[in-house]
Amino acid sequence: MPSPSLVRNLAAHARRHPSLPALLLNQEQVTYGQLAERTAQLAQRLRAANLPADRPVCIPARKDPATVALMLAAFTESLVVLAPSAELGEDALDRICRQARVSARLSVAATRDHDGDHDGDHDGHDLIVEPVPADETAAEGFARPLPDRTRLLLTTSGSTGTPKLVPIGTDAFDAFAAWATAEFRITSQDTSLSYAPLNFDLALLDVWTFLGAGARVVLVDRAKATDGPHLRGLVADASVTFVQGVPLLHRLLTEGKAEEPGATAFEQVREVVFTGDAMPQSLLKQCAESFPHARFHNVYGCTETNDSFIHPVDPHTAEGKLPIGRPLLGVEADVLDDDGRPLTGPGTGELVVRTPFQTEGYLQQSLNQAVFVEREAPDSEDGQRQVFYRTGDIVTRDAEGTYTLEGRSDWQVKVRGVRTNLQEVESVLAQHPDVEEAAVVALPDTEAGVRLHARVTRRAGAALSSLKLRSYAGANLPRHAIPSTVRISELPLPRTSTGKPDRNKIKEEISA
């Protein structure tokens, strides 16, 4: 992981308790001893590959024990890991690898014995190294060298084919892990349900922090991520104690549970975290019944800052919109008015934050000026200036200092809890050679929160189909940003009196 202390902790757990389970995926369980052995094997093969220390490696974030071991091996060898979504389109993946000056893409394949079978408890892993040629043209404007003590490059959930690259420093991770371990009382006796993809910042908590504590991590198979009975079986059978996720996860864990034969409440779960989107009132009540002994928390954060706010929730009494709460210890926050001036006291405006866990800035330097801003800390007595992150989120702060999220200041919506910029999706679709213009709207969806619909004008004479366009989107966008439905026409987009696409009329067209 991004921190040498995590690597040391894992080695210590393997020495002291080699038979304790570390990872569980479907029917595959990996102990701390096995995880350490796999990590050591892969570290040795990485050394033999003689990869340059001054260039990152790319490890697509597949959610399985082999990928976790490979990432740990890279951290052990002091390599910086770019961990993009495993579902990122090939063109987009190639672009960010070149922008980050990646030396090679890495993956693993389990070795097999002469009969073609896995070697049981003694599985080995072949390291697959795919060199990436240096491309200084693509990397122009991207930080070199990397910020000090960087070990991990996360990608934002931005919806273009070139997500922003976010360096995670070892000090930032250590500070976050220390906070989370104390806040959620994590011990080696705990088990987390890791639902979010491995490239999400949520994995910093429910995978890496838990492994650092010697606890067990239950990895959710992405192919089964919407299978409610499967997820409920994992929580019950694996004695999960910690559940973190977007409202979709909590809905899958609670809805329909009462109708299942022999269904009982999840008595062993003691910490439940809501994140990524607003929790409906009806779902809160279901969570209260399903997790009768749990503490509930609404947590807010961004990839750039990690968790920033937390709000204790009593699902029995909560009413209206859930606040995101108050800043974590060590977090500084402020609210800016429409002119960018800090508000004093209660008010509504854009949230700016500074956390002990935040990145120093995007790898692409030109993106930093607008969002990483130097300003005087709200509680500063000596005028000291520090770097804050402009979240783009609109919040209301009440007289008691409690914050509530109101929405986005730009075109971003959340699909399955993932921030998605509609204009960026439109930009990608418009780059297709057969597209004249494109507009994307967000429609309500009971499972995903919203789903995306694209209205596209094709070029005269072009043989463009929705299947071709969605295939193109799949090569250039992460899965959550691919429109669920597409309407293609030779007619121009409907427009408002000011010439902008009329998104209300586009929505009306759907039901017409």
# chains A, B, ... in the order shown; residues from 1 in each chain; ligands from 1
call {"tool": "select_by_dssp", "arguments": {"residues": "stretch 147-363 of chain A", "states": "strand (DSSP E or B)", "output": "MDAnalysis selection string"}}
result
chainID A and resid 150:155 165:169 191:194 216:219 242:245 271:274 295:302 306:313 325:327 332:336 342 347:354
call {"tool": "write_last_selection", "arguments": {"atoms": "C-alpha atoms", "output": "PDB file, in the first residue's frame"}}
result
ATOM      1  CA  THR A 150       4.111   8.845  -3.162  1.00  0.00           C
ATOM      2  CA  ARG A 151       3.375   5.130  -3.434  1.00  0.00           C
ATOM      3  CA  LEU A 152      -0.070   5.099  -5.022  1.00  0.00           C
ATOM      4  CA  LEU A 153      -1.750   6.949  -7.879  1.00  0.00           C
ATOM      5  CA  LEU A 154      -5.527   6.783  -7.699  1.00  0.00           C
ATOM      6  CA  THR A 155      -7.763   7.985 -10.491  1.00  0.00           C
ATOM      7  CA  LEU A 165      -4.403  11.201 -11.463  1.00  0.00           C
ATOM      8  CA  VAL A 166      -4.223  11.704  -7.699  1.00  0.00           C
ATOM      9  CA  PRO A 167      -0.945  10.937  -5.870  1.00  0.00           C
ATOM     10  CA  ILE A 168      -1.496   9.437  -2.400  1.00  0.00           C
ATOM     11  CA  GLY A 169       1.386  10.079  -0.018  1.00  0.00           C
ATOM     12  CA  THR A 191     -14.084  -8.343   9.265  1.00  0.00           C
ATOM     13  CA  SER A 192     -14.933  -5.753   6.623  1.00  0.00           C
ATOM     14  CA  LEU A 193     -17.200  -6.145   3.636  1.00  0.00           C
ATOM     15  CA  SER A 194     -15.280  -4.449   0.816  1.00  0.00           C
ATOM     16  CA  ARG A 216     -10.058  -9.910   7.585  1.00  0.00           C
ATOM     17  CA  VAL A 217     -11.326  -8.407   4.329  1.00  0.00           C
ATOM     18  CA  VAL A 218     -14.227  -9.956   2.405  1.00  0.00           C
ATOM     19  CA  LEU A 219     -13.854  -8.906  -1.237  1.00  0.00           C
ATOM     20  CA  PHE A 242     -17.953  -3.474   9.307  1.00  0.00           C
ATOM     21  CA  VAL A 243     -20.053  -2.421   6.320  1.00  0.00           C
ATOM     22  CA  GLN A 244     -19.222   0.647   4.223  1.00  0.00           C
ATOM     23  CA  GLY A 245     -20.943   1.584   0.995  1.00  0.00           C
ATOM     24  CA  GLU A 271     -20.186  -0.341  12.388  1.00  0.00           C
ATOM     25  CA  VAL A 272     -22.182   0.805   9.332  1.00  0.00           C
ATOM     26  CA  VAL A 273     -20.986   3.645   7.101  1.00  0.00           C
ATOM     27  CA  PHE A 274     -23.142   5.492   4.578  1.00  0.00           C
ATOM     28  CA  ARG A 295     -23.321   2.338  15.178  1.00  0.00           C
ATOM     29  CA  PHE A 296     -24.256   4.303  12.036  1.00  0.00           C
ATOM     30  CA  HIS A 297     -22.180   7.041  10.401  1.00  0.00           C
ATOM     31  CA  ASN A 298     -22.744   9.301   7.406  1.00  0.00           C
ATOM     32  CA  VAL A 299     -19.268  10.024   5.978  1.00  0.00           C
ATOM     33  CA  TYR A 300     -18.325  12.593   3.338  1.00  0.00           C
ATOM     34  CA  GLY A 301     -15.099  12.872   1.386  1.00  0.00           C
ATOM     35  CA  CYS A 302     -13.458  13.123  -2.037  1.00  0.00           C
ATOM     36  CA  ASN A 306     -10.204  11.376   1.594  1.00  0.00           C
ATOM     37  CA  ASP A 307     -12.806  11.446   4.366  1.00  0.00           C
ATOM     38  CA  SER A 308     -13.477  14.950   5.636  1.00  0.00           C
ATOM     39  CA  PHE A 309     -16.777  14.932   7.558  1.00  0.00           C
ATOM     40  CA  ILE A 310     -18.621  12.451   9.717  1.00  0.00           C
ATOM     41  CA  HIS A 311     -22.092  12.488  11.241  1.00  0.00           C
ATOM     42  CA  PRO A 312     -23.397   9.952  13.770  1.00  0.00           C
ATOM     43  CA  VAL A 313     -26.820   8.715  12.689  1.00  0.00           C
ATOM     44  CA  GLY A 325     -21.902  16.469   9.975  1.00  0.00           C
ATOM     45  CA  ARG A 326     -18.790  18.163  11.251  1.00  0.00           C
ATOM     46  CA  PRO A 327     -15.170  18.159  10.112  1.00  0.00           C
ATOM     47  CA  GLU A 332     -10.352  22.608   8.369  1.00  0.00           C
ATOM     48  CA  ALA A 333     -13.426  23.606   6.392  1.00  0.00           C
ATOM     49  CA  ASP A 334     -15.082  26.777   5.153  1.00  0.00           C
ATOM     50  CA  VAL A 335     -18.011  27.878   3.023  1.00  0.00           C
ATOM     51  CA  LEU A 336     -17.561  30.364   0.170  1.00  0.00           C
ATOM     52  CA  PRO A 342     -15.737  32.966   3.197  1.00  0.00           C
ATOM     53  CA  GLY A 347     -25.004  30.049   5.309  1.00  0.00           C
ATOM     54  CA  THR A 348     -24.941  28.191   2.011  1.00  0.00           C
ATOM     55  CA  GLY A 349     -22.091  28.090  -0.492  1.00  0.00           C
ATOM     56  CA  GLU A 350     -19.231  26.058  -1.905  1.00  0.00           C
ATOM     57  CA  LEU A 351     -17.339  23.811   0.494  1.00  0.00           C
ATOM     58  CA  VAL A 352     -13.553  24.144   0.726  1.00  0.00           C
ATOM     59  CA  VAL A 353     -11.558  21.776   2.918  1.00  0.00           C
ATOM     60  CA  ARG A 354      -8.056  20.935   4.030  1.00  0.00           C
TER      61      ARG A 354
END
call {"tool": "select_by_dssp", "arguments": {"residues": "stretch 157-266 of chain A", "states": "helix (DSSP H, G or I)", "output": "JSON, numbers by chain"}}
result
{"A": [170, 171, 172, 173, 174, 175, 176, 177, 178, 179, 180, 181, 182, 183, 203, 204, 205, 206, 207, 208, 209, 210, 211, 212, 222, 223, 224, 228, 229, 230, 231, 232, 233, 234, 235, 236, 237, 247, 248, 249, 250, 251, 252, 253, 254]}
call {"tool": "write_last_selection", "arguments": {"atoms": "N, CA and C atoms", "output": "CSV table (one decimal), in the first residue's frame"}}
result
chain,number,residue,atom,x,y,z
A,170,THR,N,2.5,8.6,1.5
A,170,THR,CA,2.5,7.7,2.6
A,170,THR,C,2.1,8.3,4.0
A,171,ASP,N,2.5,9.5,4.2
A,171,ASP,CA,2.1,10.2,5.4
A,171,ASP,C,0.6,10.4,5.5
A,172,ALA,N,0.0,10.8,4.3
A,172,ALA,CA,-1.4,11.0,4.3
A,172,ALA,C,-2.2,9.7,4.6
A,173,PHE,N,-1.7,8.6,4.0
A,173,PHE,CA,-2.3,7.3,4.3
A,173,PHE,C,-2.2,6.9,5.8
A,174,ASP,N,-1.0,7.1,6.3
A,174,ASP,CA,-0.8,6.7,7.7
A,174,ASP,C,-1.7,7.5,8.6
A,175,ALA,N,-1.8,8.8,8.3
A,175,ALA,CA,-2.7,9.7,9.2
A,175,ALA,C,-4.2,9.2,9.0
A,176,PHE,N,-4.6,8.9,7.8
A,176,PHE,CA,-5.9,8.4,7.6
A,176,PHE,C,-6.2,7.1,8.3
A,177,ALA,N,-5.3,6.1,8.2
A,177,ALA,CA,-5.4,4.8,8.8
A,177,ALA,C,-5.5,4.9,10.3
A,178,ALA,N,-4.7,5.8,10.9
A,178,ALA,CA,-4.7,6.0,12.3
A,178,ALA,C,-6.1,6.6,12.8
A,179,TRP,N,-6.6,7.6,12.0
A,179,TRP,CA,-7.9,8.1,12.4
A,179,TRP,C,-9.0,7.0,12.3
A,180,ALA,N,-9.0,6.3,11.1
A,180,ALA,CA,-10.1,5.3,10.9
A,180,ALA,C,-10.0,4.2,11.9
A,181,THR,N,-8.8,3.7,12.2
A,181,THR,CA,-8.7,2.6,13.2
A,181,THR,C,-9.3,3.0,14.5
A,182,ALA,N,-9.0,4.3,15.0
A,182,ALA,CA,-9.5,4.8,16.2
A,182,ALA,C,-11.0,5.0,16.2
A,183,GLU,N,-11.4,5.7,15.1
A,183,GLU,CA,-12.9,6.1,15.0
A,183,GLU,C,-13.8,4.9,14.9
A,203,ALA,N,-11.4,1.9,-0.6
A,203,ALA,CA,-10.6,0.8,-0.3
A,203,ALA,C,-9.4,1.1,0.6
A,204,LEU,N,-9.1,2.4,0.7
A,204,LEU,CA,-8.1,2.8,1.7
A,204,LEU,C,-8.5,2.4,3.1
A,205,LEU,N,-9.8,2.4,3.3
A,205,LEU,CA,-10.4,2.0,4.6
A,205,LEU,C,-10.7,0.5,4.7
A,206,ASP,N,-11.6,0.1,3.8
A,206,ASP,CA,-12.1,-1.3,4.0
A,206,ASP,C,-11.2,-2.4,3.5
A,207,VAL,N,-10.1,-2.0,2.8
A,207,VAL,CA,-9.1,-3.1,2.4
A,207,VAL,C,-7.8,-2.8,3.2
A,208,TRP,N,-7.1,-1.7,2.9
A,208,TRP,CA,-5.8,-1.5,3.3
A,208,TRP,C,-5.7,-1.2,4.8
A,209,THR,N,-6.6,-0.4,5.4
A,209,THR,CA,-6.6,-0.1,6.8
A,209,THR,C,-6.9,-1.4,7.6
A,210,PHE,N,-7.8,-2.2,7.1
A,210,PHE,CA,-8.1,-3.4,7.8
A,210,PHE,C,-7.0,-4.4,7.7
A,211,LEU,N,-6.3,-4.5,6.6
A,211,LEU,CA,-5.2,-5.4,6.5
A,211,LEU,C,-4.0,-4.9,7.4
A,212,GLY,N,-3.9,-3.6,7.5
A,212,GLY,CA,-2.9,-3.1,8.4
A,212,GLY,C,-3.1,-3.4,9.9
A,222,ARG,N,-17.1,-8.5,-8.3
A,222,ARG,CA,-17.8,-7.5,-9.0
A,222,ARG,C,-19.0,-8.1,-9.9
A,223,ALA,N,-18.8,-9.3,-10.3
A,223,ALA,CA,-19.9,-10.0,-11.1
A,223,ALA,C,-21.1,-10.2,-10.2
A,224,LYS,N,-21.0,-10.2,-8.9
A,224,LYS,CA,-22.1,-10.5,-8.0
A,224,LYS,C,-22.5,-9.2,-7.2
A,228,GLY,N,-28.4,-9.4,-4.3
A,228,GLY,CA,-28.7,-9.2,-2.9
A,228,GLY,C,-28.6,-10.4,-2.0
A,229,PRO,N,-29.1,-11.6,-2.4
A,229,PRO,CA,-29.0,-12.8,-1.6
A,229,PRO,C,-27.5,-13.2,-1.4
A,230,HIS,N,-26.7,-13.0,-2.4
A,230,HIS,CA,-25.3,-13.3,-2.3
A,230,HIS,C,-24.6,-12.4,-1.3
A,231,LEU,N,-24.9,-11.1,-1.4
A,231,LEU,CA,-24.3,-10.1,-0.5
A,231,LEU,C,-24.7,-10.4,1.0
A,232,ARG,N,-26.0,-10.7,1.2
A,232,ARG,CA,-26.5,-11.0,2.5
A,232,ARG,C,-25.9,-12.2,3.1
A,233,GLY,N,-25.7,-13.2,2.2
A,233,GLY,CA,-25.0,-14.4,2.6
A,233,GLY,C,-23.6,-14.2,3.1
A,234,LEU,N,-22.9,-13.3,2.3
A,234,LEU,CA,-21.5,-12.9,2.7
A,234,LEU,C,-21.4,-12.3,4.1
A,235,VAL,N,-22.3,-11.3,4.4
A,235,VAL,CA,-22.3,-10.7,5.7
A,235,VAL,C,-22.6,-11.6,6.8
A,236,ALA,N,-23.6,-12.5,6.6
A,236,ALA,CA,-23.9,-13.5,7.6
A,236,ALA,C,-22.9,-14.6,7.8
A,237,ASP,N,-22.5,-15.2,6.7
A,237,ASP,CA,-21.6,-16.4,6.8
A,237,ASP,C,-20.2,-16.0,7.2
A,247,PRO,N,-25.7,3.9,-1.0
A,247,PRO,CA,-27.0,3.5,-0.7
A,247,PRO,C,-27.4,2.2,-1.4
A,248,LEU,N,-26.9,2.0,-2.6
A,248,LEU,CA,-27.3,0.8,-3.3
A,248,LEU,C,-26.9,-0.5,-2.5
A,249,LEU,N,-25.7,-0.5,-1.9
A,249,LEU,CA,-25.3,-1.6,-1.1
A,249,LEU,C,-26.2,-1.9,0.0
A,250,HIS,N,-26.6,-0.8,0.7
A,250,HIS,CA,-27.4,-1.0,1.9
A,250,HIS,C,-28.8,-1.4,1.5
A,251,ARG,N,-29.3,-1.0,0.3
A,251,ARG,CA,-30.6,-1.5,-0.2
A,251,ARG,C,-30.5,-2.9,-0.5
A,252,LEU,N,-29.4,-3.4,-1.1
A,252,LEU,CA,-29.3,-4.8,-1.5
A,252,LEU,C,-29.2,-5.7,-0.2
A,253,LEU,N,-28.6,-5.1,0.8
A,253,LEU,CA,-28.4,-5.9,2.1
A,253,LEU,C,-29.7,-6.0,2.9
A,254,THR,N,-30.6,-5.0,2.7
A,254,THR,CA,-31.8,-5.0,3.6
A,254,THR,C,-33.1,-5.3,2.9
call {"tool": "residues_around", "arguments": {"residues": "A:Ile488", "least_positions_apart": "6", "cutoff": "8 Å", "atoms": "only C-alpha atoms", "output": "ChimeraX atom specification"}}
result
/A:455-458,464-466
call {"tool": "write_last_selection", "arguments": {"atoms": "C-alpha atoms", "output": "short mmCIF file (atom, residue, chain, number, x, y, z; two decimals), in the first residue's frame"}}
result
data_model
loop_
_atom_site.label_atom_id
_atom_site.label_comp_id
_atom_site.auth_asym_id
_atom_site.auth_seq_id
_atom_site.Cartn_x
_atom_site.Cartn_y
_atom_site.Cartn_z
CA ARG A 455 -29.40 12.42 -27.20
CA VAL A 456 -27.15 12.41 -30.25
CA THR A 457 -27.32 14.06 -33.66
CA ARG A 458 -25.50 11.96 -36.25
CA LEU A 464 -24.35 5.31 -36.60
CA SER A 465 -26.23 2.99 -34.25
CA SER A 466 -26.70 3.09 -30.49
#
call {"tool": "closest_residue", "arguments": {"among": "A:Arg341, A:Lys507, A:Arg416, A:Arg38", "to": "A:Val68", "atoms": "only C-alpha atoms"}}
result
A:Arg38
call {"tool": "closest_residue", "arguments": {"among": "A:Asp94, A:Glu319, A:Glu490, A:Glu255", "to": "A:Gln286", "atoms": "only C-alpha atoms"}}
result
A:Glu255
call {"tool": "residues_around", "arguments": {"residues": "A:Asp445", "least_positions_apart": "3", "cutoff": "12 Å", "atoms": "only C-alpha atoms", "output": "ChimeraX atom specification"}}
result
/A:248,414-416,442,448-453,484
call {"tool": "write_last_selection", "arguments": {"atoms": "N, CA and C atoms", "output": "compact mmCIF listing (two decimals), in the first residue's frame"}}
result
# COMPACT_ATOMS: atom_id res chain seq x y z
N LEU A 248 -26.94 1.98 -2.62
CA LEU A 248 -27.27 0.76 -3.34
C LEU A 248 -26.89 -0.47 -2.55
N LYS A 414 -24.21 11.83 -9.46
CA LYS A 414 -23.64 10.59 -8.92
C LYS A 414 -24.41 9.39 -9.45
N VAL A 415 -23.67 8.52 -10.14
CA VAL A 415 -24.22 7.27 -10.65
C VAL A 415 -23.66 6.14 -9.79
N ARG A 416 -24.53 5.44 -9.07
CA ARG A 416 -24.10 4.41 -8.12
C ARG A 416 -23.04 4.97 -7.15
N ALA A 442 -29.37 13.25 -16.87
CA ALA A 442 -29.47 12.26 -15.80
C ALA A 442 -30.94 12.04 -15.47
N ALA A 448 -29.52 2.87 -9.21
CA ALA A 448 -28.27 3.59 -9.40
C ALA A 448 -28.31 5.01 -8.88
N GLY A 449 -29.46 5.48 -8.44
CA GLY A 449 -29.59 6.89 -8.05
C GLY A 449 -30.02 7.70 -9.26
N VAL A 450 -29.17 7.72 -10.28
CA VAL A 450 -29.52 8.26 -11.59
C VAL A 450 -28.93 7.35 -12.66
N ARG A 451 -29.51 7.43 -13.84
CA ARG A 451 -28.90 6.77 -15.00
C ARG A 451 -28.75 7.81 -16.09
N LEU A 452 -27.82 7.58 -17.02
CA LEU A 452 -27.52 8.56 -18.05
C LEU A 452 -28.23 8.22 -19.36
N HIS A 453 -28.76 9.24 -20.00
CA HIS A 453 -29.40 9.12 -21.31
C HIS A 453 -28.73 10.11 -22.25
N SER A 484 -26.91 4.67 -20.33
CA SER A 484 -27.73 3.45 -20.35
C SER A 484 -28.58 3.39 -21.60
